[in-house]
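Quick look at work_22.csv (CSV, C-alpha atoms and all ligand atoms):
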```csv
chain,number,residue,atom,x,y,z
A,1,MET,CA,81.7,93.9,126.5
A,2,PRO,CA,85.2,92.4,127.0
A,3,LYS,CA,88.3,94.4,126.3
A,4,THR,CA,91.3,93.1,124.4
A,5,LYS,CA,94.4,92.3,126.4
A,6,ILE,CA,97.9,91.5,125.2
A,7,ALA,CA,98.3,88.1,126.8
A,8,GLY,CA,101.7,87.2,125.3
A,9,ILE,CA,104.5,88.7,123.2
A,10,GLY,CA,107.3,87.1,121.2
A,11,HIS,CA,109.9,87.9,118.5
A,12,HIS,CA,112.5,86.4,116.4
A,13,VAL,CA,115.3,87.9,114.4
A,14,PRO,CA,117.8,86.1,112.1
A,15,GLU,CA,121.3,85.5,113.4
A,16,ASN,CA,123.2,87.2,110.5
A,17,ILE,CA,124.2,90.7,111.5
A,18,TYR,CA,125.1,93.1,108.7
A,19,THR,CA,126.8,96.3,110.0
A,20,ASN,CA,126.9,99.6,108.1
A,21,ASP,CA,130.5,98.8,107.2
A,22,ASP,CA,129.4,95.5,105.7
A,23,LEU,CA,127.0,97.4,103.3
A,24,THR,CA,129.9,99.5,102.0
A,25,LYS,CA,131.1,96.4,100.2
A,26,TYR,CA,128.0,96.5,98.0
A,27,MET,CA,127.3,100.3,97.5
A,28,GLU,CA,128.7,103.7,98.0
A,29,THR,CA,127.7,104.6,101.5
A,30,SER,CA,129.3,105.0,104.9
A,31,ASN,CA,128.8,104.2,108.5
A,32,GLU,CA,128.8,107.9,109.3
A,33,TRP,CA,126.0,108.8,106.8
A,34,ILE,CA,123.8,105.9,107.9
A,35,VAL,CA,124.2,106.6,111.7
A,36,GLU,CA,123.9,110.3,111.3
A,37,ARG,CA,120.7,110.2,109.1
A,38,THR,CA,119.0,107.2,110.6
A,39,GLY,CA,120.6,106.0,113.9
A,40,ILE,CA,121.0,102.5,112.4
A,41,HIS,CA,124.2,100.6,113.2
A,42,GLU,CA,123.3,97.1,112.1
A,43,ARG,CA,120.4,95.0,110.9
A,44,ARG,CA,119.7,91.2,110.6
A,45,PHE,CA,119.3,89.4,107.3
A,46,ILE,CA,118.1,85.8,106.8
A,47,THR,CA,120.2,83.1,105.4
A,48,LYS,CA,119.1,82.4,101.8
A,49,GLY,CA,117.3,79.1,101.6
A,50,GLU,CA,116.7,78.7,105.3
A,51,ASP,CA,114.1,81.2,106.5
A,52,THR,CA,111.1,83.0,105.0
A,53,THR,CA,108.7,85.6,106.3
A,54,THR,CA,106.4,82.9,107.5
A,55,SER,CA,109.1,80.9,109.3
A,56,LEU,CA,110.4,84.0,111.1
A,57,GLY,CA,106.7,84.7,112.0
A,58,ALA,CA,106.2,81.1,113.2
A,59,LYS,CA,109.2,81.4,115.6
A,60,ALA,CA,107.9,84.7,117.0
A,61,ALA,CA,104.4,83.2,117.3
A,62,LYS,CA,105.6,80.2,119.3
A,63,MET,CA,107.3,82.5,121.7
A,64,ALA,CA,104.2,84.7,122.0
A,65,CYS,CA,102.0,81.6,122.7
A,66,GLU,CA,104.5,80.3,125.3
A,67,ASN,CA,104.5,83.8,126.9
A,68,ALA,CA,100.7,83.7,127.0
A,69,GLY,CA,100.6,80.2,128.4
A,70,ILE,CA,98.6,78.7,125.5
A,71,GLU,CA,99.2,75.9,123.0
A,72,VAL,CA,99.3,76.9,119.4
A,73,ASP,CA,96.2,74.7,118.9
A,74,GLU,CA,94.2,77.1,121.1
A,75,ILE,CA,94.6,79.9,118.5
A,76,ASP,CA,91.2,80.6,116.8
A,77,PHE,CA,92.2,83.4,114.4
A,78,ILE,CA,95.5,84.5,112.7
A,79,ILE,CA,96.3,87.9,111.5
A,80,PHE,CA,99.5,88.3,109.5
A,81,ALA,CA,100.9,91.7,108.6
A,82,THR,CA,103.7,91.8,106.0
A,83,LEU,CA,104.7,93.6,102.8
A,84,SER,CA,107.1,90.8,101.9
A,85,PRO,CA,105.0,87.7,101.8
A,86,ASP,CA,106.5,84.3,100.8
A,87,TYR,CA,104.1,84.0,97.9
A,88,TYR,CA,102.3,86.6,95.8
A,89,PHE,CA,99.3,84.5,96.9
A,90,PRO,CA,98.1,82.8,99.1
A,91,GLY,CA,99.1,85.0,102.0
A,92,CYS,CA,101.3,84.2,104.9
A,93,GLY,CA,98.4,83.6,107.3
A,94,VAL,CA,97.6,80.2,105.9
A,95,LEU,CA,101.3,79.3,105.5
A,96,LEU,CA,101.8,80.2,109.2
A,97,GLN,CA,98.9,78.0,110.2
A,98,ARG,CA,100.6,75.1,108.3
A,99,GLU,CA,104.0,75.9,109.7
A,100,LEU,CA,102.6,75.9,113.3
A,101,GLY,CA,101.0,72.5,112.6
A,102,ILE,CA,97.5,73.8,113.3
A,103,THR,CA,95.3,71.3,111.5
A,104,LYS,CA,91.9,72.3,112.8
A,105,THR,CA,89.9,74.2,110.2
A,106,GLU,CA,87.6,76.1,112.7
A,107,ILE,CA,90.1,79.0,112.4
A,108,GLY,CA,90.4,82.0,110.2
A,109,ALA,CA,93.5,83.5,108.6
A,110,LEU,CA,93.7,87.1,107.4
A,111,ASP,CA,96.5,88.9,105.7
A,112,ILE,CA,97.1,92.6,106.2
A,113,ARG,CA,99.0,94.7,103.6
A,114,ASN,CA,99.5,98.0,105.4
A,115,GLN,CA,103.3,98.0,105.5
A,116,CYS,CA,104.6,100.0,108.4
A,117,THR,CA,101.2,100.4,110.0
A,118,GLY,CA,100.2,96.7,109.4
A,119,PHE,CA,100.7,95.6,113.0
A,120,VAL,CA,98.6,98.5,114.5
A,121,TYR,CA,95.9,98.0,111.8
A,122,GLY,CA,96.0,94.3,112.7
A,123,LEU,CA,95.6,95.1,116.4
A,124,SER,CA,92.6,97.3,115.7
A,125,VAL,CA,90.9,94.5,113.6
A,126,ALA,CA,91.7,91.9,116.3
A,127,ASP,CA,90.3,94.3,119.0
A,128,GLN,CA,86.9,94.4,117.2
A,129,PHE,CA,86.8,90.6,117.0
A,130,ILE,CA,87.6,90.2,120.7
A,131,GLN,CA,85.1,92.9,121.8
A,132,SER,CA,82.4,91.3,119.7
A,133,GLY,CA,83.1,87.9,121.4
A,134,MET,CA,83.9,86.2,118.1
A,135,TYR,CA,87.4,85.0,119.0
A,136,LYS,CA,89.2,84.2,122.3
A,137,ASN,CA,92.8,83.7,121.2
A,138,ILE,CA,94.0,85.8,118.2
A,139,LEU,CA,97.5,85.5,117.0
A,140,LEU,CA,98.7,88.7,115.5
A,141,VAL,CA,102.1,88.5,113.6
A,142,GLY,CA,104.2,91.1,111.9
A,143,ALA,CA,107.1,89.7,109.9
A,144,GLU,CA,109.3,90.8,107.0
A,145,VAL,CA,112.1,89.5,104.9
A,146,HIS,CA,113.3,92.6,103.1
A,147,SER,CA,116.8,91.4,102.3
A,148,VAL,CA,115.7,89.3,99.2
A,149,ALA,CA,114.2,92.3,97.4
A,150,LEU,CA,116.3,95.3,98.2
A,151,ASP,CA,118.6,97.0,95.7
A,152,PHE,CA,122.0,96.7,97.3
A,153,SER,CA,123.7,98.7,94.5
A,154,THR,CA,124.4,102.4,94.9
A,155,ARG,CA,121.2,103.1,93.0
A,156,GLY,CA,119.0,101.7,95.9
A,157,ARG,CA,121.1,103.0,98.8
A,158,ASN,CA,118.6,105.5,100.1
A,159,VAL,CA,116.2,102.5,100.8
A,160,SER,CA,118.4,99.5,101.3
A,161,VAL,CA,120.4,100.8,104.2
A,162,LEU,CA,117.2,101.3,106.2
A,163,PHE,CA,115.6,97.9,106.2
A,164,GLY,CA,116.1,94.6,108.1
A,165,ASP,CA,114.5,91.2,108.5
A,166,GLY,CA,112.6,90.0,111.6
A,167,ALA,CA,109.3,89.1,113.2
A,168,GLY,CA,107.2,89.8,116.2
A,169,ALA,CA,103.9,88.4,117.5
A,170,VAL,CA,101.3,88.9,120.1
A,171,VAL,CA,98.5,86.8,121.5
A,172,LEU,CA,95.3,88.7,122.1
A,173,GLN,CA,92.6,87.6,124.5
A,174,PRO,CA,89.4,89.0,126.1
A,175,THR,CA,89.7,90.5,129.6
A,176,THR,CA,87.2,92.1,132.0
A,177,GLU,CA,90.0,93.4,134.3
A,178,GLU,CA,89.5,97.2,134.8
A,179,ASN,CA,93.1,98.2,134.6
A,180,GLN,CA,94.0,96.2,131.5
A,181,GLY,CA,93.3,96.1,127.8
A,182,VAL,CA,93.0,98.2,124.6
A,183,ILE,CA,91.6,101.7,125.3
A,184,ASN,CA,91.4,102.9,121.7
A,185,THR,CA,92.8,102.4,118.3
A,186,GLU,CA,92.9,105.0,115.5
A,187,LEU,CA,93.5,104.4,111.8
A,188,HIS,CA,94.2,106.9,109.0
A,189,SER,CA,95.1,106.9,105.3
A,190,ASP,CA,95.8,109.3,102.5
A,191,GLY,CA,96.2,107.7,99.1
A,192,THR,CA,97.5,110.9,97.4
A,193,TYR,CA,101.0,109.8,97.9
A,194,ALA,CA,100.6,106.1,97.1
A,195,GLU,CA,103.6,105.9,94.7
A,196,GLU,CA,106.0,107.9,96.9
A,197,LEU,CA,106.9,104.8,99.0
A,198,SER,CA,106.1,101.7,96.9
A,199,VAL,CA,106.8,98.7,94.8
A,200,ILE,CA,104.5,99.2,91.9
A,201,SER,CA,105.7,96.7,89.4
A,202,PRO,CA,105.0,93.9,88.7
A,203,GLY,CA,101.3,94.6,89.3
A,204,SER,CA,98.0,94.6,87.6
A,205,HIS,CA,98.0,98.4,86.9
A,206,SER,CA,99.0,98.1,83.2
A,207,GLY,CA,100.4,101.6,83.6
A,208,VAL,CA,97.0,103.3,83.8
A,209,TYR,CA,97.7,105.8,86.6
A,210,ASN,CA,99.9,107.9,84.3
A,211,ARG,CA,101.4,110.0,87.1
A,212,GLU,CA,104.9,110.4,85.7
A,213,VAL,CA,105.6,107.1,87.2
A,214,ASN,CA,107.9,104.7,85.4
A,215,TYR,CA,105.9,101.4,85.5
A,216,GLY,CA,108.2,99.6,83.0
A,217,PHE,CA,105.0,98.9,81.0
A,218,ASP,CA,105.5,97.4,77.5
A,219,GLU,CA,103.1,99.4,75.3
A,220,GLU,CA,103.5,96.9,72.4
A,221,SER,CA,101.7,94.1,74.3
A,222,ASP,CA,97.9,94.0,74.5
A,223,LEU,CA,97.5,90.7,76.1
A,224,GLY,CA,99.9,89.4,78.7
A,225,GLY,CA,103.5,90.5,78.4
A,226,PHE,CA,102.9,93.6,80.5
A,227,PHE,CA,103.2,92.0,84.0
A,228,ILE,CA,106.9,91.4,84.1
A,229,THR,CA,108.6,93.3,81.3
A,230,GLN,CA,112.3,93.5,80.4
A,231,THR,CA,112.2,97.2,81.4
A,232,ILE,CA,111.1,96.2,84.9
A,233,LEU,CA,114.0,93.8,85.2
A,234,ASP,CA,116.6,96.1,83.5
A,235,GLU,CA,115.7,99.1,85.5
A,236,GLY,CA,115.1,97.3,88.8
A,237,LEU,CA,111.6,98.6,89.1
A,238,PHE,CA,110.7,95.7,91.3
A,239,HIS,CA,112.8,97.2,94.1
A,240,PRO,CA,111.1,99.5,96.6
A,241,HIS,CA,111.1,103.2,95.7
A,242,MET,CA,110.9,105.9,98.3
A,243,ASN,CA,110.8,109.7,98.3
A,244,GLY,CA,112.6,109.8,101.7
A,245,PRO,CA,112.4,113.5,102.4
A,246,LEU,CA,108.7,113.6,101.7
A,247,VAL,CA,108.0,110.5,103.9
A,248,PHE,CA,110.1,112.1,106.7
A,249,LYS,CA,108.3,115.4,106.4
A,250,LYS,CA,104.8,113.7,106.7
A,251,ALA,CA,105.9,111.3,109.4
A,252,VAL,CA,107.1,113.9,111.9
A,253,VAL,CA,103.7,115.6,111.7
A,254,LYS,CA,101.4,112.5,111.7
A,255,PHE,CA,103.2,110.6,114.5
A,256,PRO,CA,102.6,113.2,117.2
A,257,GLU,CA,99.2,114.0,115.8
A,258,VAL,CA,97.9,110.4,116.1
A,259,ILE,CA,99.5,109.9,119.6
A,260,VAL,CA,98.1,113.1,121.1
A,261,SER,CA,94.7,112.3,119.6
A,262,ALA,CA,94.7,108.8,121.2
A,263,LEU,CA,95.7,110.2,124.6
A,264,LYS,CA,93.2,113.0,124.4
A,265,LYS,CA,90.3,110.8,123.6
A,266,ALA,CA,91.0,108.7,126.7
A,267,GLY,CA,91.6,111.8,128.9
A,268,TYR,CA,95.3,111.4,129.2
A,269,GLU,CA,98.3,113.7,128.5
A,270,SER,CA,101.7,112.6,127.1
A,271,ASN,CA,103.0,112.9,130.7
A,272,ASP,CA,100.8,110.0,131.7
A,273,LEU,CA,102.4,107.6,129.2
A,274,ASP,CA,104.6,104.9,130.7
A,275,LEU,CA,105.8,103.8,127.3
A,276,LEU,CA,105.6,105.0,123.7
A,277,ILE,CA,106.6,102.3,121.2
A,278,PRO,CA,106.9,104.0,117.8
A,279,HIS,CA,107.3,102.1,114.5
A,280,GLN,CA,111.1,102.0,114.0
A,281,ALA,CA,111.4,104.0,110.8
A,282,ASN,CA,114.3,106.3,111.6
A,283,LEU,CA,115.8,107.2,115.0
A,284,ARG,CA,115.6,110.9,114.0
A,285,ILE,CA,111.9,110.6,113.6
A,286,SER,CA,111.4,108.9,117.0
A,287,GLN,CA,113.6,111.6,118.6
A,288,PHE,CA,111.7,114.4,117.0
A,289,VAL,CA,108.4,112.9,118.2
A,290,GLN,CA,109.8,112.5,121.7
A,291,LYS,CA,110.8,116.1,121.7
A,292,VAL,CA,107.5,117.4,120.4
A,293,LEU,CA,105.6,115.4,123.1
A,294,LYS,CA,108.1,116.3,125.8
A,295,LEU,CA,108.7,112.7,126.7
A,296,ARG,CA,111.6,111.5,128.9
A,297,ASP,CA,114.1,108.9,127.5
A,298,ASP,CA,112.6,106.2,129.6
A,299,GLN,CA,109.1,106.8,128.1
A,300,VAL,CA,110.2,105.9,124.5
A,301,PHE,CA,111.5,102.5,123.3
A,302,ASN,CA,113.8,102.4,120.3
A,303,ASN,CA,115.8,99.5,118.9
A,304,ILE,CA,116.2,100.6,115.3
A,305,GLN,CA,120.0,100.9,116.1
A,306,ARG,CA,120.3,97.1,116.0
A,307,TYR,CA,117.6,96.0,113.6
A,308,GLY,CA,116.9,98.8,111.1
A,309,ASN,CA,113.4,99.2,109.9
A,310,THR,CA,111.6,95.9,110.0
A,311,THR,CA,108.3,97.4,108.8
A,312,ALA,CA,105.3,95.4,110.1
A,313,ALA,CA,107.6,93.6,112.6
A,314,SER,CA,109.2,96.6,114.2
A,315,ILE,CA,106.5,97.3,116.8
A,316,PRO,CA,106.1,93.8,118.1
A,317,ILE,CA,109.8,93.2,118.1
A,318,ALA,CA,110.2,96.3,120.2
A,319,MET,CA,107.3,95.3,122.5
A,320,SER,CA,109.0,91.9,123.0
A,321,GLU,CA,112.4,93.4,123.8
A,322,ALA,CA,110.8,96.0,126.1
A,323,LEU,CA,109.1,93.2,128.0
A,324,ILE,CA,112.3,91.2,128.3
A,325,GLU,CA,114.3,94.3,129.4
A,326,GLY,CA,111.6,95.1,132.1
A,327,LYS,CA,110.7,98.4,130.4
A,328,LEU,CA,107.1,97.1,129.6
A,329,LYS,CA,105.3,96.1,132.8
A,330,ARG,CA,101.8,95.0,133.6
A,331,GLY,CA,99.5,97.9,134.2
A,332,ASP,CA,101.6,100.3,132.1
A,333,LEU,CA,99.9,102.9,129.9
A,334,VAL,CA,101.3,102.2,126.4
A,335,CYS,CA,100.9,103.8,123.1
A,336,LEU,CA,101.9,102.2,119.8
A,337,ALA,CA,102.1,104.5,116.7
A,338,ALA,CA,103.1,104.0,113.1
A,339,PHE,CA,103.4,105.9,109.8
A,340,GLY,CA,104.4,104.6,106.4
A,341,ALA,CA,103.5,103.7,102.8
A,342,GLY,CA,100.1,104.6,101.6
A,343,PHE,CA,100.4,106.9,103.4
A,344,THR,CA,98.8,105.3,106.4
A,345,TRP,CA,99.2,106.1,110.0
A,346,ALA,CA,97.7,104.7,113.2
A,347,SER,CA,97.9,104.4,116.9
A,348,ALA,CA,96.8,102.0,119.7
A,349,LEU,CA,96.5,103.0,123.3
A,350,PHE,CA,96.3,100.2,125.9
A,351,ARG,CA,96.9,99.2,129.5
A,352,PHE,CA,99.3,96.3,129.4
A,401,LIG,O1,109.0,102.9,107.5
A,401,LIG,C1,108.8,103.5,106.3
A,401,LIG,C2,108.8,104.9,106.3
A,401,LIG,N1,110.1,105.4,105.9
A,401,LIG,C3,110.6,106.4,106.6
A,401,LIG,O2,110.0,106.9,107.5
A,401,LIG,C4,111.8,107.0,106.0
A,401,LIG,C5,111.8,108.5,106.0
A,401,LIG,N2,112.9,109.2,105.4
A,401,LIG,C6,114.1,109.1,105.9
A,401,LIG,O3,114.3,108.5,106.9
A,401,LIG,C7,115.2,109.9,105.2
A,401,LIG,O4,114.7,110.7,104.2
A,401,LIG,C8,116.4,109.0,104.7
A,401,LIG,C9,117.2,108.4,105.8
A,401,LIG,C10,115.8,107.9,103.8
A,401,LIG,C11,117.3,109.8,103.8
A,401,LIG,O5,117.8,110.9,104.5
A,401,LIG,P1,117.8,112.4,104.0
A,401,LIG,O6,118.5,113.2,104.9
A,401,LIG,O7,116.3,112.7,103.7
A,401,LIG,O8,118.6,112.3,102.7
A,401,LIG,P2,118.2,112.6,101.1
A,401,LIG,O9,117.4,111.5,100.6
A,401,LIG,O10,117.7,114.0,101.0
A,401,LIG,O11,119.6,112.5,100.4
A,401,LIG,C12,120.7,113.3,100.8
A,401,LIG,C13,122.0,112.9,100.1
A,401,LIG,C14,121.8,112.7,98.6
A,401,LIG,O12,122.9,113.1,97.9
A,401,LIG,P3,123.0,114.6,97.2
A,401,LIG,O13,121.9,114.6,96.2
A,401,LIG,O14,122.8,115.5,98.3
A,401,LIG,O15,124.4,114.6,96.7
A,401,LIG,C15,121.6,111.2,98.4
A,401,LIG,O16,122.1,110.7,97.2
A,401,LIG,O17,122.4,111.7,100.6
A,401,LIG,C16,122.6,110.7,99.5
A,401,LIG,N3,122.3,109.4,100.0
A,401,LIG,C17,123.3,108.6,100.6
A,401,LIG,N4,124.6,108.8,100.8
A,401,LIG,C18,125.2,107.8,101.4
A,401,LIG,C19,121.1,108.7,100.0
A,401,LIG,N5,121.3,107.5,100.6
A,401,LIG,C20,122.6,107.4,100.9
A,401,LIG,C21,123.4,106.4,101.5
A,401,LIG,N6,124.6,106.6,101.8
A,401,LIG,N7,122.8,105.2,101.9
```

Could you show the structure in this file as C-alpha cells?
Ligand code: UT7
Amino acid sequence: MPKTKIAGIGHHVPENIYTNDDLTKYMETSNEWIVERTGIHERRFITKGEDTTTSLGAKAAKMACENAGIEVDEIDFIIFATLSPDYYFPGCGVLLQRELGITKTEIGALDIRNQCTGFVYGLSVADQFIQSGMYKNILLVGAEVHSVALDFSTRGRNVSVLFGDGAGAVVLQPTTEENQGVINTELHSDGTYAEELSVISPGSHSGVYNREVNYGFDEESDLGGFFITQTILDEGLFHPHMNGPLVFKKAVVKFPEVIVSALKKAGYESNDLDLLIPHQANLRISQFVQKVLKLRDDQVFNNIQRYGNTTAASIPIAMSEALIEGKLKRGDLVCLAAFGAGFTWASALFRF
C-alpha cells in the first residue's frame, strides 16, 4: 500500500498588516495585553472587495503545485478546510476549482468544517484516499477570512484580537519511499462544549438546544423569520463567541496528549521529533506544550506573532514558512497538532 507524502507546500497572506496598536483605534485593548496573553504582535487582513477565502486559498494552492512540480490540472481531488467560506453554500472546494481554472470534471471537491483542526482532519482524509489508491494528487487547502466577521468593538475584543486572514496548501501524493510519508493520524472530538467556541446564529437550530444560550430566536414566528432575527443583528450574535479560559484549559491538556499518543504509537519519543508544528492558537499554549514535552526551541515552529490565529490555515502557513526558512527538511520527523472548536483535536505524524 502506498503512503502519503507531502509533495509541495505553499501559502499566501494578505499584504495589509494590522498591529496591536492599530486595533486600539477600534476597541479598548492594548499592545501589552495582547502580547502578554497571546504572543501576537500583528495580523494580516484582506482588502475589502479584493480577496476572499477562496482567492487566498487559490494563491496558496498555486504555490503548493509549483513546489510539487505539478500543473493545477493534474489535481484529482480538492479538500478545502475553512470556517469562513465565501458562501453559506456551495463550499469553497468548487469555488477553488473554478478559480484555479480546472475545467475537467473527473475531480472531487470536499469541504471540511472542523475549524482549528480542519487541516489535520483534511490530511487524515486525504491519507486514506492516497493509501487506497483512489487519488494521486490531492490538493489540501486551509484558508480563512476572519476579518469580515469579527466584532471589532470592545464587546468582541477577547476574540477579535486573536484572529487573522491567510491561506496555506499542500499537494499530497503516493510514495513507496521507506523514509517518507504519513506515519499516523489521530482524530478526536467532544461535542459537550460545542457552544463554548462558536457562531451559532444564524443557523437552523431554531433555538432547540436550550442550554442557556442566547440564540436570538424570535419566538413569535412559526414559519420563517427565525433564521436572521433583529435580536441576532442588534446583539451581534453572528460574531464568534468564545469562552477563552475554558478553551485554554482544555487545549493545554489535549495538545500534549495527542502528540505523545502519535509518537508512542510509532515507537518514538518527543526527543526524536525534528519539528512540531502546532496550530497557532496562542503562543502561551505552544510554549506550555513545548515545556511539557521538553522540546528545544528549534523543535517547535511558531509564527502566531506575525499572523495571529488563522484557524484552518495556521498549520499549512507555518509548514510553508518552515520550509522556506530551512527549518523543515526532507527526511525530518514532523508532528502537526491542533485543538479547537467542537471541541476537536487531532495530530498527524509524518516523515517529510
Ligand atoms: O484556535 C481556537 C482556539 N482558541 C484558543 O485556543 C484560545 C484559548 N484562550 C486564550 O487564548 C485566552 O483565554 C485569551 C487570550 C482569549 C484570553 O486570555 P485570558 O488570560 O484567558 O483572559 P480572560 O478571558 O480571562 O480575561 C481577562 C481580562 C478580562 O477582564 P476582567 O474581567 O478581568 O476585568 C477581560 O475582559 O482581560 C479582559 N480582556 C481584554 N483586555 C484587553 C479580554 N480581552 C481583552 C483585550 N484587551 N483584547

- Message: Report, in Å to a single decimal, how far apart CA of Ile112 (chain A) and CA of Met319 (chain A) are.
- Response: 19.4 Å

- How would you write, as a ChimeraX atom specification, the set of residues no farther than 6 Å from ligand LIG 401 (chain A) when counting all atoms listed in the file? /A:29-30,33,37-38,116,157-158,161,244-245,247-248,281-282,311,340

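For the choices A:Pro14, A:Pro85, A:Gly108, A:Pro240, the atom-to-atom distance to Glu50 (chain A) is smallest for A:Pro14 when using all atoms listed in the file.
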
- Query: Counting only C-alpha atoms, which of A:Val13, A:Ile78, A:Ala126, A:Leu233 gets nearest to Glu106 (chain A)?
  - Reply: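 Among A:Val13, A:Ile78, A:Ala126, A:Leu233, it is A:Ile78 that comes nearest to Glu106 (chain A).
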
- Query: Do you have the CA of Ala7 (chain A)-CA of Leu56 (chain A) distance handy?
  - Reply: 20.2 Å

- Contacts of Cys335 (chain A) at 6 Å or less, counting all atoms listed in the file, minus same-chain residues fewer than 5 places along, as an MDAnalysis selection string? chainID A and resid 276 348:349

- Item | Among the residues A:Leu333, A:Leu139, A:Ala149, A:Met27, the one that comes closest to Asn271 (chain A) [using only C-alpha atoms] | A:Leu333

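Atom to atom, CA of Asp190 (chain A) and CA of Val208 (chain A) stand 19.7 Å apart.
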
- Within 10 Å of Ile102 (chain A) using only C-alpha atoms, minus same-chain residues under 3 positions, as a PyMOL selection string: chain A and resi 72-76+94+96-99+105+107

Using C-alpha atoms, can you export the residues from the last selection as a compact mmCIF listing (two decimals), keeping the file's coordinate frame?
```
# COMPACT_ATOMS: atom_id res chain seq x y z
CA VAL A 72 99.30 76.90 119.40
CA ASP A 73 96.20 74.70 118.90
CA GLU A 74 94.20 77.10 121.10
CA ILE A 75 94.60 79.90 118.50
CA ASP A 76 91.20 80.60 116.80
CA VAL A 94 97.60 80.20 105.90
CA LEU A 96 101.80 80.20 109.20
CA GLN A 97 98.90 78.00 110.20
CA ARG A 98 100.60 75.10 108.30
CA GLU A 99 104.00 75.90 109.70
CA THR A 105 89.90 74.20 110.20
CA ILE A 107 90.10 79.00 112.40
```

- Point out the residue among A:His241, A:Ser204, A:Arg306, A:Gly91 with the least atom-to-atom distance to Glu15 (chain A), counting only C-alpha atoms.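 So, comparing all the options, the nearest one is A:Arg306.
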
- Go through A:Leu23, A:Met1, A:Ala68, A:Ala81 and flag the residue nearest Ser132 (chain A), using all atoms listed in the file for the distances.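 Closest candidate: A:Met1.
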
- Residues near Ile46 (chain A), cut-off 12 Å, only C-alpha atoms, skip fewer than 2 positions along chain, as number ranges by chain: A: 12-18, 43-44, 48-53, 55-56, 144-148, 164-167

For C-alpha atoms, I'd like the residues from the last selection saved as an mmCIF file, in the coordinates of the input.
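Saved as out_12.cif:
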```
data_model
loop_
_atom_site.group_PDB
_atom_site.id
_atom_site.type_symbol
_atom_site.label_atom_id
_atom_site.label_comp_id
_atom_site.auth_asym_id
_atom_site.auth_seq_id
_atom_site.Cartn_x
_atom_site.Cartn_y
_atom_site.Cartn_z
ATOM 1 C CA HIS A 12 112.500 86.400 116.400
ATOM 2 C CA VAL A 13 115.300 87.900 114.400
ATOM 3 C CA PRO A 14 117.800 86.100 112.100
ATOM 4 C CA GLU A 15 121.300 85.500 113.400
ATOM 5 C CA ASN A 16 123.200 87.200 110.500
ATOM 6 C CA ILE A 17 124.200 90.700 111.500
ATOM 7 C CA TYR A 18 125.100 93.100 108.700
ATOM 8 C CA ARG A 43 120.400 95.000 110.900
ATOM 9 C CA ARG A 44 119.700 91.200 110.600
ATOM 10 C CA LYS A 48 119.100 82.400 101.800
ATOM 11 C CA GLY A 49 117.300 79.100 101.600
ATOM 12 C CA GLU A 50 116.700 78.700 105.300
ATOM 13 C CA ASP A 51 114.100 81.200 106.500
ATOM 14 C CA THR A 52 111.100 83.000 105.000
ATOM 15 C CA THR A 53 108.700 85.600 106.300
ATOM 16 C CA SER A 55 109.100 80.900 109.300
ATOM 17 C CA LEU A 56 110.400 84.000 111.100
ATOM 18 C CA GLU A 144 109.300 90.800 107.000
ATOM 19 C CA VAL A 145 112.100 89.500 104.900
ATOM 20 C CA HIS A 146 113.300 92.600 103.100
ATOM 21 C CA SER A 147 116.800 91.400 102.300
ATOM 22 C CA VAL A 148 115.700 89.300 99.200
ATOM 23 C CA GLY A 164 116.100 94.600 108.100
ATOM 24 C CA ASP A 165 114.500 91.200 108.500
ATOM 25 C CA GLY A 166 112.600 90.000 111.600
ATOM 26 C CA ALA A 167 109.300 89.100 113.200
#
```

- Item | Nearby residues (only C-alpha atoms) at most 8 Å from Pro174 (chain A), same-chain spacing under 4 positions excluded, as a PyMOL selection string | chain A and resi 2-5+130-131+133+136-137

- Leaving out Trp345 (chain A) and any residue of its chain fewer than 2 positions from it, which residues lie within 9 Å of it when counting all atoms listed in the file, given as number ranges by chain? A: 116-117, 120-121, 186-190, 251, 254-255, 258, 337-343, 347

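Take the candidates A:Val35, A:Glu66, A:Ile285, A:Ile6 and check each one against Thr19 (chain A) using only C-alpha atoms; the shortest distance goes to A:Val35.
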